[in-house]
Amino acid sequence: MELTPDIPEPVDASEIEWEGAASADERKEALYLEIDGWEGPLDLLLDLARRQKVDLRKISILELVDQYLTYIEQAEALRLELAADYLVMAAWLAYLKSALLLPKDEQEDPSPEELALRLQLRLQRLGAMREAAARLMGRDRLGRDVFLRGAPEGLRVDRKNLWQCEWFDLIRAYGDVKIRSEPVVHMVRERMVMTLDSAIQRVSSMLGVAIDWMDLRDFLPPAHDSWANPQLRKSALASSFVAALELARTGKAELAQEETFGPLRLKAVKP
Amino acid sequence: MNAPEQASAPDDLVRAVEATLFAAEQPMTVDQISAHLGQADVRPALAELQRHYERRGIHLVERGRRWHFQTAPDLAHLLRREKEELRRLSRAATEVLAIVAYHEPVSRAEIEAIRGVQTAKGTLDVLMEAGWVRVAGRREVPGRPVIYATTAEFLAHFGLASLKELPGIDELRAAGLLDPVDDDMIETAMGRSSQDEGEENTGEQDGGDTDEEGRDDSDGLASSCHNP
Amino acid sequence: MNAPEQASAPDDLVRAVEATLFAAEQPMTVDQISAHLGQADVRPALAELQRHYERRGIHLVERGRRWHFQTAPDLAHLLRREKEELRRLSRAATEVLAIVAYHEPVSRAEIEAIRGVQTAKGTLDVLMEAGWVRVAGRREVPGRPVIYATTAEFLAHFGLASLKELPGIDELRAAGLLDPVDDDMIETAMGRSSQDEGEENTGEQDGGDTDEEGRDDSDGLASSCHNP
């Protein structure tokens with residue numbers, strides 16, 4: 001819309017607080033200037049209806065229609081560019097007016113009276129909300145009229161963890177740590193083994209006096225006294241096995257096994 | 001004017017409720033107060049405190065099921081001067097707020113039907129930012145539009161125990177002015193063609209808030225209503 | 001004990017002072033209150049309010065010539081309420097606790113060396129929050145690491161007279177707590193496979209030195225060499 005310089009700046013709707021119907025009179029003079037003062041045709045209609053200074057339930061719709069159409073004509077005379085919905089409303093109101101003036105028997109449904117009533121109801125509804133808003137804003141408002149305590153101490157609920165741990169869990173955890181982290185060295189120290197060197201020594205010396213094939217197990221020390229320990233026997237067997245492999249590799253012994261997992265036999269290689 | 005409860009020292013529970021609400025930074029529900037005080041039944045204490053304070057410079061009030069102390073309204077003139085000014089709401093925002101409060105839960109399309117104009121996205125945002133309006137779900141109709149309602153803060157701010165205390169609400173309801181709007185003829189007359197409604201629904205189906213923005217842009221016709 | 005000022009509604013100045021101090025964000029001097037209320041003489045009102053509130057849940061107090069409301073001292077515990085939640089110590093925390101108990105005083109680096117994994121700072125914090133571990137000074141070595149030890153609460157919680165009552169390594173072993181889970185499986189496998197072998201096996205199962213078996217993983221390999 002184009003404003004000529006002598007037209008006052010329209011009031012920015014975001015800056016003003018709605019003042020209810022009180023300002024309607026003041027606006028009367030400048031009616032044709034305040035295109036921006038209304039939020040759409042319904043708003044304008046409501047304002048015009050209020051100018052009738054009667055209860056919204058008793059307004060004259062015909063009079064209202066005339067006022068609206070007059071306003072639109074004025075605006076057009078001033079060559080103000082009207083938004084389309086103002087013009088659509090004007091057309092509809094013109095239709096409503098003519099229908100209201102027509103003989104009754106030619107009416108379609110809904111009747112123009114019904115339409116006029118609905119328009120009136122719409123205006124009442126909007127008017128009611130305008131007034132309700134004004135009354136709401138006028139109440140004793142927190143932070144404006146009534147105040148909360150300025151410096152409340154505040155309530156605090158501190159959550160405190162009550163930690164639980166069972167005796168067994170503690171001990172078990174220590175056991176787990178020990179198992180996980182005890183170095184291998186520790187176990188070697190405690191364990192009885194037959195070293196590879198001693199096994200080689202034992203196997204090769206026994207092999208030297210043997211005549212025929214001997215089962216690997218026969219090279220182990222007799223299973224009594226200190227050699228009764230099954231762990232030690234496993235170690236001796238393993239070491240003797242490796243010793244046998246070593247002797248075979250160096251060409252001092254022959255190995256033979258007739259079937260898978262069968263007895264492993266060995267015999268000295270005569271030079 | 002001797003109120004009997006003023007004649008003697010309050011009992012321990014009354015004192016505890018008094019101290020708790022006095023120290024609280026937020027209004028508290030009965031359940032919250034009760035939980036704070038070892039599940040005691042605090043209602044009688046609240047009633048006694050409310051009576052005790054009703055003629056004092058501080059009042060104990062219930063707003064949307066939450067209780068708080070506040071200064072007496074009649075002393076507003078003494079206290080107002082030092083307090084910062086509330087941000088003034090635009091006329092559109094106050095109107096939308098009233099419509100939400102009197103019609104809740106209400107969709108944006110319903111708000112617009114009452115006001116006869118499109119509602120700028122920022123208007124509802126301002127009200128939500130103020131903490132007075134919240135999204136209260138979606139209406140189970142085609143398009144599943146978002147619906148809005150007021151909050152406990154709204155009640156507290158405007159000094160309402162509940163929405164039943166909204167000024168004039170009973171009369172408005174009796175006059176049928178709070179009934180749902182269902183008036184296609186006038187909708188059409190106001191330039192909100194059925195085509196617009198269709199777009200609106202599509203927009204709302206997209207969900208979230210983004211649809212609102214899109215609508216403001218796409219409804220060039222409607223926006224130009226008051227901003228030619 | 002009917003205080004006379006409680007018998008009737010307070011006068012307007014008393015109410016104004018009450019509301020002013022209630023809404024104030026800072027304690028106020030007599031002059032400030034007075035200036036706020038049109039230079040009224042507020043001292044009698046302050047005295048009356050102080051009397052009125054002295055048996056309530058809120059007190060009006062003067063501190064350094066400034067007046068303010070505060071929660072009654074005997075109700076101060078209401079402002080900070082503790083809510084206890086039972087929580088189970090995590091596996092990592094239990095391990096760290098056990099290490100501290102068996103090795104105290106011990107530094108974090110030592111705990112990590114024993115556990116073989118990095119120990120989050122939070123783990124020790126939890127143990128200190130539980131009240132079971134305390135900082136026991138610093139070790140006089142380069143870097144002066146903090147060292148940790150258990151507390152009397154730790155002993156009390158686990159029903160120990162002293163740390164000497166913690167089971168020794170041998171007892172743990174006897175209780176089967178040093179049997180590695182993985183090796184247990186090998187043990188079972190061996191037991192099953194060597195049943196046909198007889199003597200060796202029986203010896204293993206009956207033997208007092210059960211701890212030895214299966215401790216060395218390599219044994220498994222060795223035995224499978226000759227177990228048909």
# chains A, B, ... in the order shown; residues from 1 in each chain; ligands from 1
call {"tool": "interface_residues", "arguments": {"of": "chain B", "to": "chain C", "cutoff": "12 Å", "atoms": "only C-alpha atoms", "output": "number ranges by chain"}}
result
B: 1-25, 33-38, 45, 49, 51-59, 69-83
call {"tool": "residues_around", "arguments": {"residues": "region 117-132 of chain A", "least_positions_apart": "2", "cutoff": "8 Å", "atoms": "only C-alpha atoms", "output": "PyMOL selection string"}}
result
(chain A and resi 20+42+45-46+56-57+59+61+113-115+134-136) or (chain B and resi 95+98-99+114-115+167-168+172+177-178+183+186)
call {"tool": "write_last_selection", "arguments": {"atoms": "N, CA, C and O atoms", "output": "mmCIF file, in the first residue's frame"}}
result
data_model
loop_
_atom_site.group_PDB
_atom_site.id
_atom_site.type_symbol
_atom_site.label_atom_id
_atom_site.label_comp_id
_atom_site.auth_asym_id
_atom_site.auth_seq_id
_atom_site.Cartn_x
_atom_site.Cartn_y
_atom_site.Cartn_z
ATOM 1 N N GLY A 20 -8.868 -2.849 23.958
ATOM 2 C CA GLY A 20 -10.308 -3.085 23.956
ATOM 3 C C GLY A 20 -11.011 -2.084 23.060
ATOM 4 O O GLY A 20 -10.414 -1.498 22.159
ATOM 5 N N LEU A 42 -12.745 -9.218 9.211
ATOM 6 C CA LEU A 42 -13.575 -9.482 10.387
ATOM 7 C C LEU A 42 -13.287 -8.456 11.485
ATOM 8 O O LEU A 42 -14.188 -7.970 12.172
ATOM 9 N N LEU A 45 -14.920 -5.282 10.483
ATOM 10 C CA LEU A 45 -16.362 -5.397 10.720
ATOM 11 C C LEU A 45 -16.691 -5.240 12.205
ATOM 12 O O LEU A 45 -17.659 -4.589 12.579
ATOM 13 N N LEU A 46 -15.853 -5.864 13.032
ATOM 14 C CA LEU A 46 -16.086 -5.776 14.476
ATOM 15 C C LEU A 46 -15.977 -4.333 14.942
ATOM 16 O O LEU A 46 -16.788 -3.842 15.727
ATOM 17 N N LEU A 56 -23.503 -6.179 20.753
ATOM 18 C CA LEU A 56 -23.190 -6.846 19.497
ATOM 19 C C LEU A 56 -24.329 -7.751 19.026
ATOM 20 O O LEU A 56 -24.437 -8.060 17.857
ATOM 21 N N ARG A 57 -25.161 -8.168 19.992
ATOM 22 C CA ARG A 57 -26.271 -9.046 19.608
ATOM 23 C C ARG A 57 -27.376 -8.276 18.890
ATOM 24 O O ARG A 57 -28.255 -8.834 18.279
ATOM 25 N N ILE A 59 -26.809 -5.532 16.781
ATOM 26 C CA ILE A 59 -26.362 -4.684 15.674
ATOM 27 C C ILE A 59 -27.231 -4.924 14.443
ATOM 28 O O ILE A 59 -27.791 -5.991 14.253
ATOM 29 N N ILE A 61 -27.263 -5.655 10.795
ATOM 30 C CA ILE A 61 -26.351 -6.191 9.797
ATOM 31 C C ILE A 61 -26.380 -5.343 8.525
ATOM 32 O O ILE A 61 -25.346 -5.053 7.924
ATOM 33 N N GLU A 113 -31.017 -14.494 6.214
ATOM 34 C CA GLU A 113 -31.152 -14.182 7.644
ATOM 35 C C GLU A 113 -30.215 -15.053 8.470
ATOM 36 O O GLU A 113 -29.580 -14.609 9.426
ATOM 37 N N GLU A 114 -30.168 -16.317 8.055
ATOM 38 C CA GLU A 114 -29.289 -17.263 8.751
ATOM 39 C C GLU A 114 -27.825 -16.835 8.602
ATOM 40 O O GLU A 114 -27.060 -16.828 9.558
ATOM 41 N N LEU A 115 -27.476 -16.432 7.377
ATOM 42 C CA LEU A 115 -26.099 -15.986 7.139
ATOM 43 C C LEU A 115 -25.776 -14.747 7.959
ATOM 44 O O LEU A 115 -24.685 -14.627 8.526
ATOM 45 N N ALA A 134 -8.490 -8.600 27.119
ATOM 46 C CA ALA A 134 -8.277 -7.361 27.865
ATOM 47 C C ALA A 134 -8.440 -7.604 29.368
ATOM 48 O O ALA A 134 -7.659 -7.105 30.179
ATOM 49 N N ARG A 135 -9.440 -8.402 29.729
ATOM 50 C CA ARG A 135 -9.649 -8.675 31.153
ATOM 51 C C ARG A 135 -8.520 -9.522 31.718
ATOM 52 O O ARG A 135 -8.093 -9.332 32.863
ATOM 53 N N LEU A 136 -8.060 -10.452 30.888
ATOM 54 C CA LEU A 136 -6.943 -11.301 31.317
ATOM 55 C C LEU A 136 -5.706 -10.439 31.583
ATOM 56 O O LEU A 136 -5.046 -10.549 32.610
ATOM 57 N N GLU B 95 -4.779 -11.812 22.042
ATOM 58 C CA GLU B 95 -6.005 -12.411 21.522
ATOM 59 C C GLU B 95 -5.849 -13.925 21.369
ATOM 60 O O GLU B 95 -6.726 -14.698 21.759
ATOM 61 N N ALA B 98 -5.946 -15.564 24.734
ATOM 62 C CA ALA B 98 -7.309 -15.680 25.258
ATOM 63 C C ALA B 98 -8.045 -16.814 24.564
ATOM 64 O O ALA B 98 -8.753 -17.600 25.215
ATOM 65 N N ILE B 99 -7.868 -16.910 23.260
ATOM 66 C CA ILE B 99 -8.572 -17.966 22.523
ATOM 67 C C ILE B 99 -8.093 -19.346 22.974
ATOM 68 O O ILE B 99 -8.892 -20.252 23.207
ATOM 69 N N ILE B 114 -11.559 -18.134 14.465
ATOM 70 C CA ILE B 114 -12.173 -17.171 15.384
ATOM 71 C C ILE B 114 -11.693 -15.759 15.083
ATOM 72 O O ILE B 114 -12.473 -14.814 15.066
ATOM 73 N N ARG B 115 -10.412 -15.640 14.805
ATOM 74 C CA ARG B 115 -9.864 -14.308 14.591
ATOM 75 C C ARG B 115 -10.125 -13.805 13.177
ATOM 76 O O ARG B 115 -10.053 -12.604 12.929
ATOM 77 N N PRO B 167 -12.151 -15.064 33.481
ATOM 78 C CA PRO B 167 -13.248 -14.090 33.609
ATOM 79 C C PRO B 167 -14.357 -14.362 32.588
ATOM 80 O O PRO B 167 -14.096 -14.508 31.406
ATOM 81 N N GLY B 168 -15.558 -14.446 33.086
ATOM 82 C CA GLY B 168 -16.734 -14.554 32.227
ATOM 83 C C GLY B 168 -16.893 -15.849 31.465
ATOM 84 O O GLY B 168 -17.746 -15.939 30.580
ATOM 85 N N LEU B 172 -19.899 -16.843 28.693
ATOM 86 C CA LEU B 172 -19.543 -17.040 27.291
ATOM 87 C C LEU B 172 -19.980 -18.415 26.815
ATOM 88 O O LEU B 172 -20.489 -18.572 25.713
ATOM 89 N N LEU B 177 -20.756 -18.908 22.775
ATOM 90 C CA LEU B 177 -19.652 -18.223 22.097
ATOM 91 C C LEU B 177 -18.344 -19.007 22.165
ATOM 92 O O LEU B 177 -17.342 -18.587 21.596
ATOM 93 N N LEU B 178 -18.364 -20.114 22.889
ATOM 94 C CA LEU B 178 -17.158 -20.925 22.950
ATOM 95 C C LEU B 178 -17.326 -22.230 22.178
ATOM 96 O O LEU B 178 -16.475 -23.101 22.223
ATOM 97 N N ASP B 183 -18.397 -22.921 10.051
ATOM 98 C CA ASP B 183 -19.138 -21.976 9.228
ATOM 99 C C ASP B 183 -18.402 -21.737 7.917
ATOM 100 O O ASP B 183 -17.651 -20.775 7.768
ATOM 101 N N ILE B 186 -18.932 -18.298 5.781
ATOM 102 C CA ILE B 186 -18.216 -17.087 6.148
ATOM 103 C C ILE B 186 -16.713 -17.287 5.979
ATOM 104 O O ILE B 186 -15.992 -16.370 5.597
#
call {"tool": "closest_atom_pairs", "arguments": {"of": "chain A", "to": "chain C", "cutoff": "8 Å", "atoms": "only C-alpha atoms", "output": "JSON lines"}}
result
{"residue": "A:Phe147", "atom": "CA", "partner": "C:Ala23", "partner_atom": "CA", "distance": 6.0}
{"residue": "A:Leu148", "atom": "CA", "partner": "C:Ala23", "partner_atom": "CA", "distance": 6.1}
{"residue": "A:Arg149", "atom": "CA", "partner": "C:Ala23", "partner_atom": "CA", "distance": 4.6}
{"residue": "A:Gly150", "atom": "CA", "partner": "C:Glu25", "partner_atom": "CA", "distance": 4.2}
{"residue": "A:Ala151", "atom": "CA", "partner": "C:Glu25", "partner_atom": "CA", "distance": 4.8}
{"residue": "A:Glu153", "atom": "CA", "partner": "C:Leu79", "partner_atom": "CA", "distance": 7.5}
{"residue": "A:Gly154", "atom": "CA", "partner": "C:Leu79", "partner_atom": "CA", "distance": 6.7}
{"residue": "A:Leu155", "atom": "CA", "partner": "C:Leu79", "partner_atom": "CA", "distance": 4.6}
{"residue": "A:Arg156", "atom": "CA", "partner": "C:Arg80", "partner_atom": "CA", "distance": 4.8}
{"residue": "A:Val157", "atom": "CA", "partner": "C:Arg81", "partner_atom": "CA", "distance": 4.8}
{"residue": "A:Asp158", "atom": "CA", "partner": "C:Glu82", "partner_atom": "CA", "distance": 4.7}
{"residue": "A:Arg159", "atom": "CA", "partner": "C:Lys83", "partner_atom": "CA", "distance": 4.8}
{"residue": "A:Lys160", "atom": "CA", "partner": "C:Glu84", "partner_atom": "CA", "distance": 4.7}
{"residue": "A:Asn161", "atom": "CA", "partner": "C:Glu85", "partner_atom": "CA", "distance": 4.9}
{"residue": "A:Leu162", "atom": "CA", "partner": "C:Leu86", "partner_atom": "CA", "distance": 4.7}
{"residue": "A:Trp163", "atom": "CA", "partner": "C:Arg87", "partner_atom": "CA", "distance": 4.9}
{"residue": "A:Gln164", "atom": "CA", "partner": "C:Arg88", "partner_atom": "CA", "distance": 4.7}
{"residue": "A:Cys165", "atom": "CA", "partner": "C:Leu89", "partner_atom": "CA", "distance": 5.7}
{"residue": "A:Glu166", "atom": "CA", "partner": "C:Phe158", "partner_atom": "CA", "distance": 7.4}
{"residue": "A:Trp167", "atom": "CA", "partner": "C:Phe158", "partner_atom": "CA", "distance": 5.9}
{"residue": "A:Asp169", "atom": "CA", "partner": "C:Thr94", "partner_atom": "CA", "distance": 7.2}
{"residue": "A:Leu170", "atom": "CA", "partner": "C:Ala98", "partner_atom": "CA", "distance": 5.7}
{"residue": "A:Ile171", "atom": "CA", "partner": "C:Ala98", "partner_atom": "CA", "distance": 6.9}
{"residue": "A:Arg172", "atom": "CA", "partner": "C:Leu177", "partner_atom": "CA", "distance": 6.1}
{"residue": "A:Ala173", "atom": "CA", "partner": "C:Glu95", "partner_atom": "CA", "distance": 4.9}
{"residue": "A:Tyr174", "atom": "CA", "partner": "C:Ala98", "partner_atom": "CA", "distance": 5.4}
{"residue": "A:Gly175", "atom": "CA", "partner": "C:Leu178", "partner_atom": "CA", "distance": 5.1}
{"residue": "A:Asp176", "atom": "CA", "partner": "C:Leu178", "partner_atom": "CA", "distance": 6.9}
{"residue": "A:Val177", "atom": "CA", "partner": "C:Arg115", "partner_atom": "CA", "distance": 5.7}
{"residue": "A:Lys178", "atom": "CA", "partner": "C:Leu178", "partner_atom": "CA", "distance": 7.1}
{"residue": "A:Ile179", "atom": "CA", "partner": "C:Leu178", "partner_atom": "CA", "distance": 5.8}
{"residue": "A:Arg180", "atom": "CA", "partner": "C:Arg115", "partner_atom": "CA", "distance": 7.6}
{"residue": "A:Ser181", "atom": "CA", "partner": "C:Gly116", "partner_atom": "CA", "distance": 6.1}
{"residue": "A:Val184", "atom": "CA", "partner": "C:Asp216", "partner_atom": "CA", "distance": 7.9}
{"residue": "A:Met187", "atom": "CA", "partner": "C:Asp216", "partner_atom": "CA", "distance": 7.1}
{"residue": "A:Arg191", "atom": "CA", "partner": "C:Glu212", "partner_atom": "CA", "distance": 7.3}
{"residue": "A:Pro230", "atom": "CA", "partner": "C:Glu200", "partner_atom": "CA", "distance": 5.7}
{"residue": "A:Gln231", "atom": "CA", "partner": "C:Glu213", "partner_atom": "CA", "distance": 6.8}
{"residue": "A:Lys234", "atom": "CA", "partner": "C:Ser223", "partner_atom": "CA", "distance": 6.1}
{"residue": "A:Ser235", "atom": "CA", "partner": "C:Ala222", "partner_atom": "CA", "distance": 7.2}
{"residue": "A:Leu237", "atom": "CA", "partner": "C:Ala222", "partner_atom": "CA", "distance": 7.7}
{"residue": "A:Ala238", "atom": "CA", "partner": "C:Ala222", "partner_atom": "CA", "distance": 5.4}
{"residue": "A:Phe261", "atom": "CA", "partner": "C:Pro228", "partner_atom": "CA", "distance": 5.3}
{"residue": "A:Gly262", "atom": "CA", "partner": "C:Pro228", "partner_atom": "CA", "distance": 7.1}
call {"tool": "write_last_selection", "arguments": {"atoms": "C-alpha atoms", "output": "compact mmCIF listing (two decimals), in the first residue's frame"}}
result
# COMPACT_ATOMS: atom_id res chain seq x y z
CA PHE A 147 5.40 -11.04 43.33
CA LEU A 148 7.00 -14.29 44.27
CA ARG A 149 9.61 -14.38 46.96
CA GLY A 150 12.60 -12.40 45.77
CA ALA A 151 15.33 -14.62 47.11
CA GLU A 153 16.57 -20.33 49.60
CA GLY A 154 15.56 -23.11 47.24
CA LEU A 155 14.81 -26.70 48.07
CA ARG A 156 17.42 -29.23 47.25
CA VAL A 157 17.15 -32.93 47.18
CA ASP A 158 20.61 -34.36 47.22
CA ARG A 159 20.73 -37.84 45.92
CA LYS A 160 23.14 -39.84 47.95
CA ASN A 161 24.42 -43.17 46.78
CA LEU A 162 24.41 -45.88 49.33
CA TRP A 163 27.00 -48.21 47.92
CA GLN A 164 26.58 -51.91 48.37
CA CYS A 165 29.23 -54.58 48.15
CA GLU A 166 29.16 -58.06 49.59
CA TRP A 167 32.05 -59.68 51.35
CA ASP A 169 32.19 -60.17 45.93
CA LEU A 170 35.19 -58.41 47.41
CA ILE A 171 37.15 -61.59 47.95
CA ARG A 172 36.11 -63.00 44.63
CA ALA A 173 37.23 -59.81 42.91
CA TYR A 174 40.63 -60.12 44.49
CA GLY A 175 40.85 -63.71 43.35
CA ASP A 176 40.01 -62.60 39.83
CA VAL A 177 42.65 -59.91 39.89
CA LYS A 178 45.22 -62.39 41.08
CA ILE A 179 44.31 -64.92 38.44
CA ARG A 180 44.34 -62.32 35.71
CA SER A 181 47.53 -60.62 36.64
CA VAL A 184 53.57 -66.78 34.60
CA MET A 187 53.80 -70.45 38.52
CA ARG A 191 56.13 -75.94 39.77
CA PRO A 230 51.39 -86.38 38.04
CA GLN A 231 52.21 -82.82 37.04
CA LYS A 234 53.47 -84.74 32.44
CA SER A 235 56.39 -82.36 32.36
CA LEU A 237 56.89 -86.80 29.32
CA ALA A 238 56.74 -83.55 27.41
CA PHE A 261 48.28 -91.70 18.92
CA GLY A 262 49.97 -95.04 19.17
call {"tool": "atom_distance", "arguments": {"atom1": "CA of Glu246 (chain A)", "atom2": "CA of Leu264 (chain A)"}}
result
14.3 Å
call {"tool": "residues_around", "arguments": {"residues": "Glu63 (chain A)", "least_positions_apart": "5", "cutoff": "10 Å", "atoms": "only C-alpha atoms", "output": "MDAnalysis selection string"}}
result
chainID A and resid 48:49 52 68:69 97
call {"tool": "decode", "arguments": {"residues": "region 15-23 of chain C", "atoms": "all heavy atoms", "output": "PDB file, in the first residue's frame"}}
result
ATOM      1  N   ARG C  15       1.646  -4.888  56.664  1.00  0.00           N
ATOM      2  CA  ARG C  15       1.466  -5.724  55.475  1.00  0.00           C
ATOM      3  C   ARG C  15       2.428  -5.286  54.358  1.00  0.00           C
ATOM      4  O   ARG C  15       3.002  -6.104  53.642  1.00  0.00           O
ATOM      5  CB  ARG C  15       0.023  -5.648  54.972  1.00  0.00           C
ATOM      6  CG  ARG C  15      -0.981  -6.275  55.929  1.00  0.00           C
ATOM      7  CD  ARG C  15      -2.400  -6.149  55.409  1.00  0.00           C
ATOM      8  NE  ARG C  15      -2.622  -7.033  54.262  1.00  0.00           N
ATOM      9  CZ  ARG C  15      -2.953  -6.605  53.052  1.00  0.00           C
ATOM     10  NH1 ARG C  15      -3.103  -5.319  52.807  1.00  0.00           N
ATOM     11  NH2 ARG C  15      -3.125  -7.460  52.082  1.00  0.00           N
ATOM     12  N   ALA C  16       2.576  -3.978  54.226  1.00  0.00           N
ATOM     13  CA  ALA C  16       3.455  -3.464  53.175  1.00  0.00           C
ATOM     14  C   ALA C  16       4.912  -3.861  53.437  1.00  0.00           C
ATOM     15  O   ALA C  16       5.633  -4.267  52.519  1.00  0.00           O
ATOM     16  CB  ALA C  16       3.325  -1.940  53.079  1.00  0.00           C
ATOM     17  N   VAL C  17       5.318  -3.762  54.694  1.00  0.00           N
ATOM     18  CA  VAL C  17       6.700  -4.138  55.031  1.00  0.00           C
ATOM     19  C   VAL C  17       6.890  -5.633  54.793  1.00  0.00           C
ATOM     20  O   VAL C  17       7.902  -6.079  54.242  1.00  0.00           O
ATOM     21  CB  VAL C  17       7.020  -3.772  56.501  1.00  0.00           C
ATOM     22  CG1 VAL C  17       8.384  -4.334  56.905  1.00  0.00           C
ATOM     23  CG2 VAL C  17       6.986  -2.260  56.687  1.00  0.00           C
ATOM     24  N   GLU C  18       5.891  -6.379  55.206  1.00  0.00           N
ATOM     25  CA  GLU C  18       5.926  -7.838  55.031  1.00  0.00           C
ATOM     26  C   GLU C  18       6.109  -8.188  53.548  1.00  0.00           C
ATOM     27  O   GLU C  18       6.987  -8.963  53.165  1.00  0.00           O
ATOM     28  CB  GLU C  18       4.599  -8.405  55.553  1.00  0.00           C
ATOM     29  CG  GLU C  18       4.507  -9.905  55.678  1.00  0.00           C
ATOM     30  CD  GLU C  18       3.147 -10.334  56.254  1.00  0.00           C
ATOM     31  OE1 GLU C  18       2.146  -9.596  56.037  1.00  0.00           O
ATOM     32  OE2 GLU C  18       3.087 -11.382  56.916  1.00  0.00           O
ATOM     33  N   ALA C  19       5.283  -7.587  52.696  1.00  0.00           N
ATOM     34  CA  ALA C  19       5.332  -7.884  51.264  1.00  0.00           C
ATOM     35  C   ALA C  19       6.642  -7.392  50.649  1.00  0.00           C
ATOM     36  O   ALA C  19       7.240  -8.060  49.798  1.00  0.00           O
ATOM     37  CB  ALA C  19       4.148  -7.242  50.552  1.00  0.00           C
ATOM     38  N   THR C  20       7.079  -6.227  51.085  1.00  0.00           N
ATOM     39  CA  THR C  20       8.312  -5.661  50.542  1.00  0.00           C
ATOM     40  C   THR C  20       9.501  -6.567  50.823  1.00  0.00           C
ATOM     41  O   THR C  20      10.299  -6.879  49.935  1.00  0.00           O
ATOM     42  CB  THR C  20       8.564  -4.267  51.135  1.00  0.00           C
ATOM     43  OG1 THR C  20       7.454  -3.426  50.816  1.00  0.00           O
ATOM     44  CG2 THR C  20       9.843  -3.654  50.587  1.00  0.00           C
ATOM     45  N   LEU C  21       9.611  -7.003  52.068  1.00  0.00           N
ATOM     46  CA  LEU C  21      10.743  -7.864  52.422  1.00  0.00           C
ATOM     47  C   LEU C  21      10.622  -9.228  51.764  1.00  0.00           C
ATOM     48  O   LEU C  21      11.621  -9.851  51.405  1.00  0.00           O
ATOM     49  CB  LEU C  21      10.845  -8.018  53.941  1.00  0.00           C
ATOM     50  CG  LEU C  21      11.452  -6.816  54.653  1.00  0.00           C
ATOM     51  CD1 LEU C  21      11.354  -6.975  56.160  1.00  0.00           C
ATOM     52  CD2 LEU C  21      12.921  -6.629  54.241  1.00  0.00           C
ATOM     53  N   PHE C  22       9.389  -9.680  51.599  1.00  0.00           N
ATOM     54  CA  PHE C  22       9.167 -10.967  50.943  1.00  0.00           C
ATOM     55  C   PHE C  22       9.658 -10.931  49.501  1.00  0.00           C
ATOM     56  O   PHE C  22      10.310 -11.853  49.018  1.00  0.00           O
ATOM     57  CB  PHE C  22       7.674 -11.306  50.991  1.00  0.00           C
ATOM     58  CG  PHE C  22       7.281 -12.518  50.195  1.00  0.00           C
ATOM     59  CD1 PHE C  22       7.373 -13.790  50.749  1.00  0.00           C
ATOM     60  CD2 PHE C  22       6.794 -12.398  48.902  1.00  0.00           C
ATOM     61  CE1 PHE C  22       7.002 -14.919  50.020  1.00  0.00           C
ATOM     62  CE2 PHE C  22       6.417 -13.520  48.169  1.00  0.00           C
ATOM     63  CZ  PHE C  22       6.517 -14.775  48.730  1.00  0.00           C
ATOM     64  N   ALA C  23       9.327  -9.849  48.814  1.00  0.00           N
ATOM     65  CA  ALA C  23       9.645  -9.764  47.392  1.00  0.00           C
ATOM     66  C   ALA C  23      11.077  -9.295  47.137  1.00  0.00           C
ATOM     67  O   ALA C  23      11.571  -9.397  46.020  1.00  0.00           O
ATOM     68  CB  ALA C  23       8.663  -8.822  46.694  1.00  0.00           C
TER      69      ALA C  23
END
